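Below: one structure, written as structure tokens.
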Amino acid sequence: MGAIDLTVILVFTLLVFICGMSFSRSGKNMKSFFAAGGALPWWMSGLSLFMSFFSAGTFVVWGSIAYQSGWVAIAIQWTMCIAGIIIGLFIAPRWQKTGALTAAEYITDRLGYKTQKVYTYLFLLISVFTTGAFLYPVAKIVEVSTGIPIYASIVFLGVLILIYTTVGGLWAVIVTDVLQFVVLTAAVLIVVPMSFDKIGGISEFVNNAPDHFFDFVNDEYSPLFMVAFGLYNLFFIAGNWAYVQRYTSVGSPKDAKKVGLLFGGLYVFSPLIWMLPPMIYRVLNPDLGGLADEGAYLLMCKEVLPVGMLGLMLGGMVFATSSSVNTTLNISAGVLANDVYKNLKPNASDEQLVKVGKIATISLGVITIIVALLVPMLGGIVEVVMSLAALTGGAMFLPPLWSLFSKNITGKSALTVTVISLIVNAFFKFLAPSLINVELGRAPEMMLGVGLPIVLLLISEFIISGSPSKGTEYEMYQTKNNAKVKVEEDETAGNKKGARVIGIGVGATGSLILGLSFIAENGATLVGSMGLIVLIVGAIIVYKNK
């Protein structure tokens, strides 16, 4: 990587950092800092949800699977499309109607404070591992592209993300997510045609691909795995506290519905586009082994992108992947401030709660950096992500989701399902191989993780339906929720500022891409055209939000 690419990375890093820091004065209260005022435009929230989920492992986790198994990686991600559509139609509007700032606040109202405390501690413990798993791919991308040691990258990037998330709150997260979406979409639309050109076209790719490279399933990622992983995605995207924040931060149930449908719609097309570069690289270089295939995406980009564009692609990848980190840090800090500290100190002012939230962001960020440093010792990023999904997805997120639809479920029954599921999943993951010589494959492990809580909840529902006290907790929740004082705030100014910052960032990126076209040794017309389009998009966004 040359000096121009490194300069572009620094310029883009500075641009993202400035956009995030421009909201340093937006966090005047809890609703502003952790919910962007509660009236976020649906398209911003939807794109942020897409980037927060999509970037968690696309370049490294799914890129690695695409390199090894081909079309399977696309099939896996199409399960996310189905999940997004179901969430948009049925689940996201219900979350918005709760009027809660966080999922933890809803659990307190619906299932009780004691139940919320246990879920909070479990969520915070799990979120530390998930954010560490998200930060690791960012550093892996930097290592593959620049040669900077992965441990140094983890520390530097972790601190950088920590600063603007702590200062700018949810607005900083949202704006940088949307900016990264535009940048990466533009970059990948340049990478794909140039990748095909590198190997001689689509026909050469198809003819030289390994056997079964275009199969939808294989032995490891079987039809059973696809069903189980699809259910996991449904529970995770619908119930993960960081993503629930995207449904509750918009102004109406109709907007929440649009957030879910936008997410699902984007996942119709994005897997086709995003997985092609590492798949094409398999044809170009079939000899990657061990954990080296985690860098297949960037290696393809290094092969084809003109000078400067590799730096922009890398910068976009780094901050897009890191959006999962800042999203989880923001909601975790919000839970600590709004649902832990506030219950301990009921008279705490908004200023004190925001201060606690910022301290919590810093503390969790430091722990995240430590966990990310340990990922290589845990078997690599694919193993960590898949194991976390199987162990915690259904157990943690399904019972609170169930309570959105069920009048019978209680705090005690929800916790019982979660605890039993976590214990059984952990037993088969860590103890069964040595104690009873049973080791579950990828599909059975995932099916156990999502199937057990469903069965337990159905049993619980049957038992409670015959109880004389059925529906009592739900009736208390309805009374409490109806009594809530809902303060309507005009967030027009904040929304327009957010859109203007996005427009300026997009326009600046378009100018940068356009400038790089003049020094590109190949693909100059393609690069210049894309830069002009991005510049025009940025100008339109700014104009419409004057």
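Chain labels A, B, ... are given in the sequence in which chains occur in the structure tokens; within each chain residues are numbered consecutively from 1, and ligands are likewise numbered from 1 in the order shown.
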
Which residues of range 103-181 of chain A come within 12 Å of range 274-293 of chain A, and what is each one's closest atom pair and distance in Å (one decimal), counting only C-alpha atoms, sorted by chain and residue number, as a tab-separated table?
```
residue	atom	partner	partner_atom	distance
A:Pro137	CA	A:Leu291	CA	11.8
A:Lys140	CA	A:Ala292	CA	10.0
A:Ile141	CA	A:Ala292	CA	11.3
A:Glu143	CA	A:Ala292	CA	11.3
A:Val144	CA	A:Ala292	CA	9.1
```

Using N, CA, C and O atoms, can you write the selected residues to a file as a PDB file, in the first residue's frame?
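Result file is result.pdb:
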```pdb
ATOM      1  N   PRO A 137     -12.398  -7.989  13.471  1.00  0.00           N
ATOM      2  CA  PRO A 137     -12.334  -7.923  12.006  1.00  0.00           C
ATOM      3  C   PRO A 137     -11.824  -6.588  11.480  1.00  0.00           C
ATOM      4  O   PRO A 137     -11.178  -6.541  10.435  1.00  0.00           O
ATOM      5  N   LYS A 140      -8.212  -6.811  11.656  1.00  0.00           N
ATOM      6  CA  LYS A 140      -7.744  -7.807  10.681  1.00  0.00           C
ATOM      7  C   LYS A 140      -7.645  -7.188   9.292  1.00  0.00           C
ATOM      8  O   LYS A 140      -6.676  -7.425   8.560  1.00  0.00           O
ATOM      9  N   ILE A 141      -8.626  -6.369   8.944  1.00  0.00           N
ATOM     10  CA  ILE A 141      -8.617  -5.688   7.652  1.00  0.00           C
ATOM     11  C   ILE A 141      -7.397  -4.780   7.543  1.00  0.00           C
ATOM     12  O   ILE A 141      -6.711  -4.738   6.520  1.00  0.00           O
ATOM     13  N   GLU A 143      -4.583  -5.021   9.194  1.00  0.00           N
ATOM     14  CA  GLU A 143      -3.352  -5.833   9.148  1.00  0.00           C
ATOM     15  C   GLU A 143      -3.102  -6.367   7.739  1.00  0.00           C
ATOM     16  O   GLU A 143      -1.980  -6.289   7.222  1.00  0.00           O
ATOM     17  N   VAL A 144      -4.138  -6.897   7.097  1.00  0.00           N
ATOM     18  CA  VAL A 144      -3.985  -7.463   5.753  1.00  0.00           C
ATOM     19  C   VAL A 144      -3.561  -6.390   4.753  1.00  0.00           C
ATOM     20  O   VAL A 144      -2.736  -6.631   3.869  1.00  0.00           O
TER      21      VAL A 144
END
```

- prompt: If you count only C-alpha atoms, which residues fall within 8 Å of Gly239 in chain A, apart from same-chain ones fewer than 2 positions away, as number ranges by chain?
  reply: A: 235-237, 241, 243-244, 397-398, 400-401

Can you write out the residues you just picked, keeping N, CA and C atoms, as a PDB file, in the first residue's frame?
```
ATOM      1  N   PHE A 235     -34.657 -13.743  15.755  1.00  0.00           N
ATOM      2  CA  PHE A 235     -34.638 -13.411  17.177  1.00  0.00           C
ATOM      3  C   PHE A 235     -33.607 -12.321  17.466  1.00  0.00           C
ATOM      4  N   PHE A 236     -32.444 -12.421  16.821  1.00  0.00           N
ATOM      5  CA  PHE A 236     -31.335 -11.517  17.125  1.00  0.00           C
ATOM      6  C   PHE A 236     -31.611 -10.106  16.621  1.00  0.00           C
ATOM      7  N   ILE A 237     -32.050  -9.995  15.359  1.00  0.00           N
ATOM      8  CA  ILE A 237     -32.293  -8.665  14.785  1.00  0.00           C
ATOM      9  C   ILE A 237     -33.513  -8.014  15.432  1.00  0.00           C
ATOM     10  N   TRP A 241     -30.735  -5.766  21.957  1.00  0.00           N
ATOM     11  CA  TRP A 241     -31.053  -4.455  22.526  1.00  0.00           C
ATOM     12  C   TRP A 241     -30.501  -3.302  21.691  1.00  0.00           C
ATOM     13  N   TYR A 243     -30.265  -3.247  18.436  1.00  0.00           N
ATOM     14  CA  TYR A 243     -31.091  -3.074  17.247  1.00  0.00           C
ATOM     15  C   TYR A 243     -32.497  -2.599  17.602  1.00  0.00           C
ATOM     16  N   VAL A 244     -32.992  -3.001  18.774  1.00  0.00           N
ATOM     17  CA  VAL A 244     -34.279  -2.497  19.248  1.00  0.00           C
ATOM     18  C   VAL A 244     -34.254  -0.978  19.317  1.00  0.00           C
ATOM     19  N   PHE A 397     -32.762 -13.417  23.631  1.00  0.00           N
ATOM     20  CA  PHE A 397     -33.614 -12.437  22.966  1.00  0.00           C
ATOM     21  C   PHE A 397     -35.042 -12.906  22.705  1.00  0.00           C
ATOM     22  N   LEU A 398     -35.258 -14.230  22.673  1.00  0.00           N
ATOM     23  CA  LEU A 398     -36.607 -14.696  22.365  1.00  0.00           C
ATOM     24  C   LEU A 398     -37.619 -14.460  23.490  1.00  0.00           C
ATOM     25  N   PRO A 400     -38.040 -12.038  25.892  1.00  0.00           N
ATOM     26  CA  PRO A 400     -38.626 -10.688  25.871  1.00  0.00           C
ATOM     27  C   PRO A 400     -39.448 -10.417  24.608  1.00  0.00           C
ATOM     28  N   LEU A 401     -38.991 -10.962  23.462  1.00  0.00           N
ATOM     29  CA  LEU A 401     -39.765 -10.815  22.227  1.00  0.00           C
ATOM     30  C   LEU A 401     -41.131 -11.480  22.367  1.00  0.00           C
TER      31      LEU A 401
END
```

task: Give the answer as one residue: which of A:Val501, A:Ile513, A:Val72, A:Leu47 has the shortest atom-to-atom distance to Ile541 in chain A, using only C-alpha atoms?
output: A:Val501

field: Distance criterion (only C-alpha atoms): nearest to Leu299 in chain A out of A:Phe430, A:Phe59, A:Phe50, A:Phe214
entry: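 With only C-alpha atoms as the atom set, the closest residue is A:Phe59.
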
- prompt: Could you name the residues that touch range 107-111 of chain A at 10 Å or less, counting only C-alpha atoms, but leaving out those on the same chain fewer than 4 positions away, as a PyMOL selection string?
  reply: chain A and resi 98+100+102-103+115-117+119-120+339+400-401+403-404+407+409-415+473-478+480-481

Would you save the residues of that selection, restricted to N, CA, C and O atoms, as a compact mmCIF listing (two decimals), in the first residue's frame?
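Produced file result.txt, reproduced below:
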```
# COMPACT_ATOMS: atom_id res chain seq x y z
N THR A 98 -44.18 0.51 22.56
CA THR A 98 -43.91 0.39 23.99
C THR A 98 -43.55 1.72 24.62
O THR A 98 -43.71 1.91 25.83
N ALA A 100 -40.68 2.79 25.22
CA ALA A 100 -39.49 2.64 26.06
C ALA A 100 -38.26 3.23 25.37
O ALA A 100 -38.15 3.18 24.14
N THR A 102 -35.14 2.10 26.06
CA THR A 102 -34.29 0.94 25.81
C THR A 102 -35.12 -0.34 25.98
O THR A 102 -36.19 -0.33 26.59
N ALA A 103 -34.59 -1.44 25.46
CA ALA A 103 -35.26 -2.73 25.66
C ALA A 103 -35.31 -3.07 27.14
O ALA A 103 -36.27 -3.68 27.62
N THR A 115 -36.31 -9.08 37.06
CA THR A 115 -36.04 -9.76 35.79
C THR A 115 -35.11 -8.93 34.92
O THR A 115 -34.16 -9.46 34.32
N GLN A 116 -35.36 -7.63 34.88
CA GLN A 116 -34.52 -6.73 34.08
C GLN A 116 -33.08 -6.76 34.56
O GLN A 116 -32.15 -6.73 33.75
N LYS A 117 -32.86 -6.81 35.88
CA LYS A 117 -31.49 -6.82 36.41
C LYS A 117 -30.71 -8.02 35.90
O LYS A 117 -29.56 -7.89 35.47
N TYR A 119 -31.36 -9.87 33.19
CA TYR A 119 -31.14 -9.72 31.74
C TYR A 119 -30.07 -8.68 31.44
O TYR A 119 -29.27 -8.83 30.51
N THR A 120 -30.05 -7.62 32.23
CA THR A 120 -29.05 -6.57 32.02
C THR A 120 -27.64 -7.11 32.23
O THR A 120 -26.74 -6.88 31.41
N ASP A 339 -31.10 2.23 33.14
CA ASP A 339 -31.79 1.09 33.75
C ASP A 339 -31.07 0.50 34.95
O ASP A 339 -31.62 -0.38 35.61
N PRO A 400 -38.04 -12.04 25.89
CA PRO A 400 -38.63 -10.69 25.87
C PRO A 400 -39.45 -10.42 24.61
O PRO A 400 -40.48 -9.74 24.67
N LEU A 401 -38.99 -10.96 23.46
CA LEU A 401 -39.77 -10.82 22.23
C LEU A 401 -41.13 -11.48 22.37
O LEU A 401 -42.15 -10.93 21.95
N SER A 403 -42.84 -11.81 24.94
CA SER A 403 -43.71 -11.02 25.82
C SER A 403 -44.40 -9.87 25.09
O SER A 403 -45.38 -9.31 25.58
N LEU A 404 -43.88 -9.48 23.90
CA LEU A 404 -44.54 -8.45 23.10
C LEU A 404 -45.89 -8.95 22.58
O LEU A 404 -46.78 -8.16 22.28
N LYS A 407 -49.80 -12.43 26.55
CA LYS A 407 -50.29 -11.83 27.80
C LYS A 407 -49.97 -12.72 29.00
O LYS A 407 -50.13 -12.28 30.14
N ILE A 409 -46.92 -14.73 29.55
CA ILE A 409 -45.54 -14.87 30.01
C ILE A 409 -45.26 -13.91 31.18
O ILE A 409 -45.70 -12.76 31.18
N THR A 410 -44.52 -14.41 32.16
CA THR A 410 -44.16 -13.61 33.33
C THR A 410 -42.65 -13.44 33.40
O THR A 410 -41.91 -14.11 32.66
N GLY A 411 -42.21 -12.57 34.28
CA GLY A 411 -40.78 -12.38 34.47
C GLY A 411 -40.10 -13.68 34.88
O GLY A 411 -39.01 -14.02 34.39
N LYS A 412 -40.74 -14.42 35.78
CA LYS A 412 -40.15 -15.67 36.27
C LYS A 412 -40.04 -16.71 35.16
O LYS A 412 -39.01 -17.37 35.01
N SER A 413 -41.08 -16.84 34.34
CA SER A 413 -41.04 -17.84 33.26
C SER A 413 -40.04 -17.45 32.19
O SER A 413 -39.33 -18.30 31.64
N ALA A 414 -39.93 -16.16 31.88
CA ALA A 414 -38.96 -15.69 30.88
C ALA A 414 -37.54 -16.00 31.32
O ALA A 414 -36.72 -16.51 30.56
N LEU A 415 -37.24 -15.67 32.58
CA LEU A 415 -35.90 -15.93 33.11
C LEU A 415 -35.59 -17.41 33.17
O LEU A 415 -34.47 -17.83 32.88
N GLU A 473 -49.60 -9.92 35.24
CA GLU A 473 -48.44 -9.04 34.99
C GLU A 473 -48.69 -8.18 33.76
O GLU A 473 -48.32 -7.00 33.72
N TYR A 474 -49.33 -8.74 32.74
CA TYR A 474 -49.60 -7.98 31.53
C TYR A 474 -50.57 -6.84 31.80
O TYR A 474 -50.38 -5.72 31.30
N GLU A 475 -51.59 -7.10 32.61
CA GLU A 475 -52.56 -6.06 32.96
C GLU A 475 -51.89 -4.93 33.74
O GLU A 475 -52.17 -3.74 33.52
N MET A 476 -50.97 -5.29 34.66
CA MET A 476 -50.23 -4.27 35.41
C MET A 476 -49.37 -3.44 34.47
O MET A 476 -49.25 -2.22 34.62
N TYR A 477 -48.75 -4.12 33.48
CA TYR A 477 -47.93 -3.40 32.50
C TYR A 477 -48.77 -2.43 31.69
O TYR A 477 -48.38 -1.27 31.47
N GLN A 478 -49.95 -2.87 31.25
CA GLN A 478 -50.83 -2.00 30.46
C GLN A 478 -51.22 -0.76 31.26
O GLN A 478 -51.22 0.36 30.74
N LYS A 480 -49.57 0.60 33.78
CA LYS A 480 -48.38 1.44 33.97
C LYS A 480 -48.02 2.19 32.69
O LYS A 480 -47.69 3.37 32.71
N ASN A 481 -48.11 1.49 31.56
CA ASN A 481 -47.73 2.10 30.28
C ASN A 481 -48.71 3.20 29.88
O ASN A 481 -48.32 4.23 29.34
```

task: List the neighbours of range 257-265 of chain A out to 8 Å using only C-alpha atoms; skip same-chain residues closer than 2 positions along the sequence, and give me the result as a ChimeraX atom specification.
output: /A:42-43,45-47,49-50,80-90,92-93,246-247,253-255,267-269

message: When you count only C-alpha atoms, which of these residues is closest to Ala256 in chain A: A:Ser222, A:Ser52, A:Ser517, A:Gln96?
response: A:Gln96

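Of the residues under consideration (A:Thr361, A:Ser69, A:Thr392, A:Asn437), A:Thr392 shows the shortest atom-to-atom contact distance to Val417 in chain A when counting only C-alpha atoms.
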
message: One decimal, in Å: what's the spacing between CA of Lys470 in chain A and CA of Asn408 in chain A?
response: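 Computed distance, CA of Lys470 in chain A to CA of Asn408 in chain A, equals 5.4 Å.
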
message: Residues within 12 Å of range 189-201 of chain A, please, as number ranges by chain. Count only C-alpha atoms; anything in the same chain fewer than 5 positions from it doesn't count.
response: A: 182-184, 206-209, 270, 272-285, 297-306, 309-310, 312-313, 513, 517, 522-531, 533-534
